[in-house]
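A.B. asks: Input file: structure_6.txt. Contents: compact mmCIF, C-alpha atoms and all ligand atoms.
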```txt
# COMPACT_ATOMS: atom_id res chain seq x y z
CA MET A 17 -51.95 6.01 48.86
CA MET A 18 -52.08 2.25 48.22
CA SER A 19 -51.97 2.68 44.45
CA ALA A 20 -49.00 5.04 44.69
CA ILE A 21 -47.02 2.38 46.62
CA ARG A 22 -48.07 -0.28 44.11
CA ARG A 23 -46.95 1.91 41.24
CA TYR A 24 -43.67 2.52 43.02
CA PHE A 25 -43.02 -1.22 43.41
CA ALA A 26 -44.06 -1.92 39.83
CA ALA A 27 -41.55 0.68 38.63
CA LEU A 28 -38.86 -0.83 40.84
CA LEU A 29 -39.57 -4.29 39.45
CA LEU A 30 -39.43 -3.08 35.84
CA ALA A 31 -36.14 -1.27 36.50
CA ALA A 32 -34.73 -4.44 38.07
CA ILE A 33 -35.69 -6.45 34.98
CA PHE A 34 -34.32 -3.94 32.46
CA LEU A 35 -31.08 -3.35 34.34
CA SER A 36 -30.40 -7.01 35.07
CA PRO A 37 -27.32 -8.48 33.38
CA ALA A 38 -29.48 -11.22 31.83
CA PHE A 39 -31.58 -8.64 30.02
CA ALA A 40 -28.61 -6.54 28.97
CA GLN A 41 -26.83 -9.57 27.57
CA GLY A 42 -29.88 -11.18 25.99
CA ASP A 43 -29.92 -14.92 26.45
CA PRO A 44 -27.04 -15.66 28.88
CA SER A 45 -26.28 -18.99 27.15
CA SER A 46 -25.76 -17.13 23.90
CA LEU A 47 -22.62 -15.20 22.97
CA ARG A 48 -22.56 -12.03 20.89
CA VAL A 49 -19.85 -12.51 18.29
CA ALA A 50 -18.56 -9.58 16.23
CA THR A 51 -17.28 -10.45 12.78
CA ARG A 52 -16.89 -8.93 9.32
CA VAL A 53 -17.29 -10.23 5.78
CA LEU A 54 -13.90 -11.18 4.33
CA PRO A 55 -13.94 -14.22 2.02
CA PRO A 56 -12.95 -17.00 2.51
CA LEU A 57 -12.76 -16.41 6.28
CA VAL A 58 -16.20 -14.90 6.51
CA VAL A 59 -18.51 -15.29 3.51
CA GLU A 60 -22.01 -13.90 3.22
CA GLU A 61 -24.27 -16.22 1.25
CA LYS A 62 -27.94 -15.34 0.79
CA GLY A 63 -27.91 -13.40 4.05
CA ALA A 64 -26.29 -16.23 6.05
CA LEU A 65 -22.70 -16.25 7.27
CA THR A 66 -20.26 -19.02 6.43
CA GLY A 67 -16.49 -19.27 5.80
CA PHE A 68 -13.53 -20.71 7.64
CA SER A 69 -13.72 -18.44 10.71
CA ILE A 70 -17.49 -18.88 10.99
CA ASP A 71 -17.28 -22.69 10.68
CA LEU A 72 -14.48 -22.69 13.22
CA TRP A 73 -16.42 -20.55 15.68
CA ASN A 74 -19.57 -22.66 15.21
CA SER A 75 -17.53 -25.78 16.09
CA ILE A 76 -16.10 -24.05 19.16
CA ALA A 77 -19.58 -22.87 20.22
CA GLU A 78 -20.92 -26.39 19.78
CA ARG A 79 -18.23 -27.73 22.09
CA LEU A 80 -18.89 -24.99 24.64
CA LYS A 81 -22.65 -25.61 24.31
CA VAL A 82 -23.39 -21.94 23.70
CA LYS A 83 -25.54 -20.29 21.07
CA THR A 84 -24.19 -17.48 18.88
CA GLU A 85 -25.61 -14.14 17.84
CA TYR A 86 -23.45 -12.73 15.06
CA GLN A 87 -23.10 -9.01 14.46
CA THR A 88 -21.18 -7.78 11.42
CA ALA A 89 -18.89 -4.75 11.51
CA PRO A 90 -17.93 -2.73 8.40
CA ASP A 91 -14.18 -2.90 9.09
CA VAL A 92 -11.70 -4.36 11.54
CA ARG A 93 -11.53 -1.14 13.57
CA ALA A 94 -15.31 -1.19 14.12
CA LEU A 95 -15.07 -4.90 14.97
CA LEU A 96 -12.48 -4.23 17.68
CA ASP A 97 -14.57 -1.30 18.94
CA ALA A 98 -17.57 -3.62 19.38
CA VAL A 99 -15.45 -5.88 21.62
CA ARG A 100 -13.88 -2.94 23.47
CA THR A 101 -17.21 -1.30 24.32
CA GLY A 102 -18.86 -4.58 25.31
CA LYS A 103 -21.33 -4.59 22.41
CA ALA A 104 -19.89 -8.01 21.61
CA ASP A 105 -18.41 -10.72 23.84
CA LEU A 106 -15.71 -11.62 21.38
CA GLY A 107 -14.58 -11.04 17.79
CA ILE A 108 -13.55 -13.46 15.07
CA ALA A 109 -12.81 -12.84 11.38
CA ALA A 110 -9.25 -12.32 10.09
CA ILE A 111 -7.96 -10.42 13.09
CA SER A 112 -4.17 -10.28 13.21
CA ILE A 113 -2.55 -10.55 16.62
CA THR A 114 -0.31 -7.48 16.95
CA ALA A 115 1.66 -6.02 19.85
CA ALA A 116 -0.53 -2.89 19.93
CA ARG A 117 -3.78 -4.88 19.94
CA ASP A 118 -2.38 -7.28 22.52
CA ARG A 119 -1.91 -4.36 24.93
CA GLU A 120 -5.61 -3.54 24.68
CA PHE A 121 -7.25 -6.95 24.27
CA ASP A 122 -6.84 -10.60 25.12
CA PHE A 123 -6.28 -13.00 22.23
CA SER A 124 -6.94 -16.72 21.89
CA GLN A 125 -4.25 -19.12 20.73
CA PRO A 126 -3.40 -18.34 17.09
CA MET A 127 -6.20 -19.85 15.00
CA MET A 128 -4.43 -19.62 11.64
CA ASN A 129 -1.17 -18.42 10.04
CA ALA A 130 -1.44 -15.58 7.59
CA GLY A 131 0.64 -12.55 6.58
CA LEU A 132 0.87 -9.75 4.06
CA GLN A 133 1.30 -10.30 0.35
CA ILE A 134 0.83 -8.30 -2.88
CA LEU A 135 -1.82 -8.63 -5.59
CA VAL A 136 -1.38 -6.99 -9.02
CA ARG A 137 -3.41 -6.90 -12.21
CA GLY A 138 -3.13 -9.41 -15.03
CA LYS A 139 -0.70 -12.23 -15.27
CA GLY A 140 1.93 -10.54 -13.16
CA ALA A 141 4.61 -7.98 -13.51
CA SER A 142 7.11 -10.00 -15.55
CA ALA A 143 4.58 -11.01 -18.20
CA GLU A 144 3.35 -7.43 -18.34
CA SER A 145 6.57 -6.14 -19.94
CA ASN A 146 6.41 -7.03 -23.61
CA PRO A 147 9.17 -5.52 -25.80
CA LEU A 148 6.90 -4.84 -28.79
CA ARG A 149 4.35 -3.08 -26.60
CA ASP A 150 7.12 -1.11 -24.85
CA LEU A 151 8.33 0.08 -28.27
CA LEU A 152 4.83 1.06 -29.47
CA ASN A 153 4.17 2.84 -26.17
CA LEU A 154 7.40 4.73 -26.65
CA LEU A 155 6.66 5.71 -30.26
CA PHE A 156 3.27 7.08 -29.29
CA SER A 157 4.28 8.64 -25.98
CA PRO A 158 3.67 12.39 -25.56
CA VAL A 159 7.43 13.00 -25.21
CA ILE A 160 8.09 11.60 -28.67
CA LEU A 161 5.26 13.65 -30.20
CA VAL A 162 6.87 16.82 -28.84
CA TRP A 163 10.18 15.82 -30.41
CA LEU A 164 8.48 15.12 -33.74
CA GLY A 165 6.98 18.61 -33.61
CA ILE A 166 10.41 20.14 -33.01
CA ALA A 167 11.86 18.10 -35.87
CA LEU A 168 9.12 19.30 -38.22
CA LEU A 169 9.89 22.95 -37.40
CA LEU A 170 13.60 22.29 -37.79
CA ILE A 171 12.94 20.93 -41.27
CA LEU A 172 10.45 23.56 -42.45
CA ILE A 173 12.58 26.62 -41.55
CA PRO A 174 15.89 25.69 -43.28
CA ALA A 175 14.00 24.15 -46.19
CA HIS A 176 12.37 27.49 -46.93
CA LEU A 177 15.62 29.45 -46.48
CA VAL A 178 17.53 27.13 -48.78
CA TRP A 179 14.70 27.17 -51.31
CA LEU A 180 14.84 31.00 -51.39
CA LEU A 181 18.64 31.16 -51.80
CA GLU A 182 19.21 28.15 -54.00
CA ARG A 183 16.15 27.93 -56.29
CA GLY A 184 16.64 27.78 -60.01
CA ARG A 185 20.47 27.38 -59.99
CA PRO A 186 21.21 24.94 -62.79
CA ASP A 187 24.04 23.32 -60.76
CA GLY A 188 22.24 23.67 -57.40
CA ILE A 189 20.16 21.27 -55.36
CA ILE A 190 16.83 22.89 -56.30
CA PRO A 191 16.33 22.63 -60.05
CA SER A 192 12.97 24.49 -60.17
CA ARG A 193 12.32 28.21 -59.54
CA ASN A 194 8.70 27.60 -58.52
CA TYR A 195 7.55 26.87 -54.94
CA PHE A 196 6.20 23.53 -56.19
CA PRO A 197 8.05 21.28 -56.83
CA GLY A 198 11.11 23.29 -55.65
CA ILE A 199 10.14 23.11 -51.97
CA PHE A 200 10.04 19.29 -52.11
CA TYR A 201 13.74 19.20 -53.04
CA ALA A 202 14.46 21.65 -50.22
CA LEU A 203 12.43 19.62 -47.71
CA TYR A 204 14.19 16.43 -48.71
CA TRP A 205 17.55 18.11 -48.27
CA ALA A 206 16.61 19.55 -44.82
CA ALA A 207 15.20 16.23 -43.57
CA SER A 208 18.19 14.18 -44.69
CA THR A 209 20.57 16.72 -43.14
CA LEU A 210 18.62 16.60 -39.83
CA ALA A 211 19.09 12.84 -39.84
CA THR A 212 22.85 13.57 -40.51
CA GLN A 213 22.53 11.80 -43.88
CA ALA A 214 22.85 14.75 -46.35
CA ASP A 215 23.87 13.58 -49.81
CA GLN A 216 24.02 17.00 -51.54
CA MET A 217 25.15 20.47 -50.59
CA PRO A 218 23.93 23.89 -51.82
CA ARG A 219 26.09 25.93 -54.25
CA GLN A 220 25.09 29.47 -53.32
CA TRP A 221 27.56 30.80 -50.68
CA LEU A 222 24.97 32.04 -48.12
CA ALA A 223 23.10 28.75 -48.51
CA ARG A 224 26.36 26.92 -47.79
CA VAL A 225 26.90 28.87 -44.55
CA LEU A 226 23.36 28.03 -43.62
CA ALA A 227 23.92 24.35 -44.47
CA VAL A 228 27.00 24.12 -42.25
CA LEU A 229 25.16 25.72 -39.30
CA TRP A 230 22.30 23.41 -39.99
CA MET A 231 24.50 20.30 -39.91
CA PHE A 232 25.81 21.21 -36.47
CA THR A 233 22.28 21.83 -35.21
CA ALA A 234 21.28 18.42 -36.54
CA VAL A 235 24.09 16.67 -34.63
CA VAL A 236 22.96 18.31 -31.37
CA PHE A 237 19.33 17.49 -32.11
CA VAL A 238 20.09 13.82 -32.72
CA ALA A 239 22.14 13.61 -29.50
CA PHE A 240 19.31 15.10 -27.41
CA TYR A 241 16.73 12.95 -29.10
CA THR A 242 18.71 9.74 -28.47
CA ALA A 243 19.20 10.66 -24.81
CA GLN A 244 15.50 11.40 -24.37
CA LEU A 245 14.55 8.11 -26.03
CA ALA A 246 16.84 6.11 -23.74
CA ALA A 247 15.55 7.93 -20.64
CA THR A 248 11.90 7.36 -21.55
CA LEU A 249 12.49 3.66 -22.19
CA THR A 250 14.30 3.22 -18.87
CA VAL A 251 11.55 4.99 -16.93
CA GLN A 252 8.93 2.83 -18.66
CA GLN A 253 10.77 -0.31 -17.65
CA ILE A 254 11.28 0.83 -14.07
CA GLN A 255 7.58 1.66 -13.72
CA GLY A 256 6.67 -1.68 -15.25
CA GLY A 257 6.51 -4.12 -12.41
CA ILE A 258 5.72 -4.61 -8.76
CA ASP A 259 7.40 -7.75 -7.48
CA GLY A 260 7.87 -7.04 -3.79
CA PRO A 261 7.39 -4.45 -1.03
CA GLU A 262 10.48 -2.55 -2.24
CA ASP A 263 8.50 -1.57 -5.37
CA LEU A 264 5.62 -0.07 -3.37
CA PRO A 265 6.86 3.37 -2.18
CA GLY A 266 5.12 6.08 -4.20
CA LYS A 267 2.60 3.63 -5.70
CA GLN A 268 -1.18 3.75 -5.21
CA VAL A 269 -1.90 0.73 -3.05
CA ALA A 270 -5.38 -0.36 -1.99
CA THR A 271 -6.22 -2.16 1.26
CA THR A 272 -8.82 -2.11 4.06
CA LYS A 273 -9.45 0.53 6.72
CA GLY A 274 -7.62 0.06 10.00
CA SER A 275 -5.82 -3.06 8.81
CA THR A 276 -2.27 -4.08 9.61
CA ALA A 277 -1.58 -3.70 5.87
CA ALA A 278 -2.67 -0.03 5.92
CA GLU A 279 -0.31 0.63 8.81
CA TYR A 280 2.56 -1.15 7.05
CA LEU A 281 1.97 0.76 3.79
CA ARG A 282 1.95 4.13 5.51
CA GLN A 283 5.35 3.37 7.03
CA LEU A 284 6.56 2.40 3.57
CA ASN A 285 5.44 5.76 2.09
CA ALA A 286 3.07 4.17 -0.37
CA GLU A 287 -0.07 6.11 -1.30
CA VAL A 288 -2.64 4.14 0.68
CA LEU A 289 -6.24 3.85 -0.56
CA GLU A 290 -8.31 2.48 2.34
CA PHE A 291 -11.68 0.82 1.76
CA SER A 292 -14.10 -0.72 4.26
CA SER A 293 -14.73 -3.74 2.11
CA ILE A 294 -11.89 -5.71 0.55
CA ALA A 295 -14.11 -6.19 -2.53
CA ASP A 296 -13.87 -2.43 -3.16
CA ALA A 297 -10.07 -2.59 -2.88
CA PHE A 298 -10.02 -5.38 -5.50
CA GLN A 299 -12.30 -3.33 -7.75
CA ALA A 300 -9.98 -0.32 -7.46
CA LEU A 301 -7.12 -2.53 -8.68
CA LEU A 302 -9.10 -3.90 -11.64
CA ASP A 303 -10.28 -0.36 -12.57
CA LYS A 304 -6.63 0.82 -12.49
CA ARG A 305 -7.32 3.27 -9.68
CA ALA A 306 -4.70 1.31 -7.70
CA ASP A 307 -1.39 -0.25 -8.80
CA ALA A 308 -1.59 -3.09 -6.25
CA VAL A 309 -3.54 -4.46 -3.29
CA VAL A 310 -1.58 -5.34 -0.16
CA PHE A 311 -3.50 -7.53 2.25
CA ASP A 312 -3.68 -10.87 4.06
CA ALA A 313 -2.33 -13.69 1.87
CA PRO A 314 -5.28 -16.11 2.38
CA VAL A 315 -7.75 -13.45 1.21
CA LEU A 316 -5.63 -12.46 -1.82
CA LEU A 317 -5.05 -16.07 -2.89
CA TYR A 318 -8.75 -16.80 -2.61
CA PHE A 319 -9.66 -13.79 -4.78
CA ALA A 320 -6.95 -14.62 -7.37
CA SER A 321 -8.36 -18.14 -7.78
CA HIS A 322 -12.06 -17.21 -7.71
CA ASP A 323 -13.63 -13.86 -8.72
CA GLY A 324 -10.27 -12.41 -9.79
CA LYS A 325 -9.15 -15.44 -11.81
CA GLY A 326 -7.25 -14.32 -14.94
CA LYS A 327 -7.63 -10.67 -13.92
CA ALA A 328 -5.33 -10.45 -10.91
CA GLN A 329 -2.46 -12.42 -9.46
CA VAL A 330 -0.38 -12.64 -6.32
CA VAL A 331 3.32 -11.73 -6.69
CA GLY A 332 6.26 -12.39 -4.38
CA ALA A 333 6.24 -14.27 -1.10
CA VAL A 334 4.47 -13.37 2.15
CA PHE A 335 6.73 -10.56 3.35
CA ARG A 336 5.32 -10.17 6.86
CA LYS A 337 4.00 -13.14 8.79
CA GLU A 338 0.96 -12.62 11.03
CA ASP A 339 -1.32 -14.94 13.00
CA TYR A 340 -5.08 -14.64 13.30
CA GLY A 341 -6.66 -14.83 16.75
CA ILE A 342 -10.04 -14.57 18.43
CA VAL A 343 -10.26 -11.32 20.36
CA PHE A 344 -11.74 -10.72 23.86
CA ARG A 345 -11.91 -7.90 26.36
CA PRO A 346 -8.92 -8.08 28.73
CA GLY A 347 -9.50 -10.58 31.52
CA SER A 348 -12.50 -12.17 29.81
CA PRO A 349 -13.25 -15.56 31.45
CA LEU A 350 -14.23 -16.84 28.00
CA ARG A 351 -10.73 -16.95 26.68
CA LYS A 352 -9.57 -20.03 28.56
CA ARG A 353 -12.66 -22.00 27.51
CA VAL A 354 -12.32 -20.97 23.88
CA ASP A 355 -8.63 -21.92 23.86
CA GLY A 356 -9.51 -25.34 25.28
CA ALA A 357 -12.08 -25.92 22.54
CA LEU A 358 -9.72 -24.67 19.83
CA LEU A 359 -6.96 -27.06 20.93
CA ALA A 360 -9.41 -29.96 21.16
CA LEU A 361 -10.59 -29.25 17.59
CA ARG A 362 -6.99 -29.35 16.38
CA GLU A 363 -6.40 -32.65 18.15
CA ASP A 364 -9.48 -34.47 16.90
CA GLY A 365 -8.88 -33.51 13.24
CA SER A 366 -11.90 -31.19 12.90
CA TYR A 367 -9.64 -28.17 12.44
CA GLN A 368 -7.79 -29.87 9.58
CA ARG A 369 -11.05 -30.81 7.86
CA LEU A 370 -12.29 -27.21 8.01
CA TYR A 371 -8.96 -25.93 6.77
CA GLU A 372 -9.04 -28.25 3.78
CA LYS A 373 -12.64 -27.35 3.04
CA TRP A 374 -11.81 -23.63 2.70
CA PHE A 375 -8.17 -23.62 1.62
CA GLY A 376 -7.94 -26.84 -0.35
CA GLY A 377 -5.35 -28.40 1.96
CA LYS A 378 -2.59 -25.95 0.90
N1 LIG B 1 -5.64 -9.12 9.21
C1 LIG B 1 -6.10 -7.78 9.04
C2 LIG B 1 -5.99 -7.05 10.35
O1 LIG B 1 -6.20 -7.66 11.37
C3 LIG B 1 -7.51 -7.78 8.53
C4 LIG B 1 -8.12 -6.45 8.37
C5 LIG B 1 -9.56 -6.48 7.92
O2 LIG B 1 -10.37 -7.19 8.48
O3 LIG B 1 -9.83 -5.75 6.97
O4 LIG B 1 -5.65 -5.90 10.40
```
Please express the file's structure as structure tokens.
C.D. replies:
Amino acid sequence: MMSAIRRYFAALLLAAIFLSPAFAQGDPSSLRVATRVLPPLVVEEKGALTGFSIDLWNSIAERLKVKTEYQTAPDVRALLDAVRTGKADLGIAAISITAARDREFDFSQPMMNAGLQILVRGKGASAESNPLRDLLNLLFSPVILVWLGIALLLILIPAHLVWLLERGRPDGIIPSRNYFPGIFYALYWAASTLATQADQMPRQWLARVLAVLWMFTAVVFVAFYTAQLAATLTVQQIQGGIDGPEDLPGKQVATTKGSTAAEYLRQLNAEVLEFSSIADAFQALLDKRADAVVFDAPVLLYFASHDGKGKAQVVGAVFRKEDYGIVFRPGSPLRKRVDGALLALREDGSYQRLYEKWFGGK
């Protein structure tokens, strides 16, 4: 009887410990911060986290005299989920403050200005169009090969007909009766007529009828060919460059899952390729699986001047301004304290020092 009561109390005590808020939250003086790797805001270096957002949070935590337990999420959606479900007390990375998110969460004061911009391969769209390369591309394009095939047929058929009718006539255009070299004269005649440059005409009457028909065919052929050439060149030039968001509809554009950029691109009718990691989006661009990356300007500029130097470049201005904020569950008592620390860091110059450290003072 006694031992049953003791066991009952022991169980009660254990339940009280496990269910207590202190246990559920770990160390109460430590905050669980959700983040995600996104250089230069959050950089993973030999297993440790650094970057502008991490340095900024560490300075805030120092002021608030709290410890931090970081947890990393694969994408921004998972990061917000961690805050929503209470797995984390707050989130910081490159989280844009949007109207939709503001309805669901509380945000700190803006911690940094950002916005969407475009990254393309190489030295940019304008340098990519090179007249000599355009011409070579055109000459070896499949369209032109088809036309060359047609031209070859159009030469071979009348050449053989004229050779049959005209061969061996002393005053005709084919001096020899034999296939060789007679056919060469006939081929030369057919080719020069196709190019509307005939310098001789057959003597035999049926061959003359054929020649006249053939001249008209050649005129039509040249007209079609010229039109096709012009159209192909124009299309090549139009497809050449991406300079701004107006060039994005219909293009393959890489970005990250659940980002504001993905949302924007879908509204624009671009073909959106969404990756968890921004590094994979950059790789898709370099491997030509994507025509452009649309993402947060600070992240694109950092890539273009570091790992992507000489391989990718930012084009056009920031076309949609956004601010980054620290995200909390609605009504979180932390927000006011974090805002106070953030403002104090701006006022004492620490914010500026961190900004210059990661963004070179730009
Ligand atoms: N600024 C972007 C957003 O908040 C970042 C997305 C991401 O972390 O991939 O949607």
A.B. asks: Show me which residues are within 9 Å of ligand LIG 1 (chain B) counting all atoms listed in the file, and format the list as number ranges by chain.
C.D. replies: A: 51-54, 90-93, 95, 109-114, 130-132, 271-279, 291-294, 311-312, 338-341
A.B. asks: Write out as a ChimeraX atom specification the residues lying within 9 Å of A:Ala206, counting only C-alpha atoms and excluding same-chain residues fewer than 6 positions away.
C.D. replies: /A:170-175,178,214,227,230
A.B. asks: By how many Å are atom CA of A:Arg183 and atom CA of A:Ala202 apart?
C.D. replies: 8.9 Å
A.B. asks: Rounded to one decimal, what separation in Å do you get between atom CA of A:Ser208 and atom CA of A:Met231?
C.D. replies: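 Taking atom CA of A:Ser208 and atom CA of A:Met231, their separation equals 10.0 Å.
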A.B. asks: Could you tell me how far atom CA of A:Gly332 sits from atom CA of A:Lys267, in Å to one decimal place?
C.D. replies: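 Distance between the two atoms: 16.5 Å.
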A.B. asks: Given the choices A:Gly198, A:Pro265, A:Gly365, A:Gly138, which gets closest to A:Val331 if the distance is worked out from all atoms listed in the file?
C.D. replies: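 Looking only at the distances to A:Val331, the closest residue turns out to be A:Gly138.
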A.B. asks: Choose the residue, out of A:Leu106, A:Ile199, A:Ile166, A:Leu135, that has the smallest atom-to-atom separation from A:Ile258; count all atoms listed in the file.
C.D. replies: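 Using all atoms listed in the file, A:Ile258 sits closest to A:Leu135.
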A.B. asks: Can you work out which one of A:Ala328, A:Ile134, A:Val235, A:Leu289 has the shortest atom-to-atom distance to A:Glu262, counting all atoms listed in the file?
C.D. replies: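 Ranked by minimum distance to A:Glu262, first place goes to A:Ile134.
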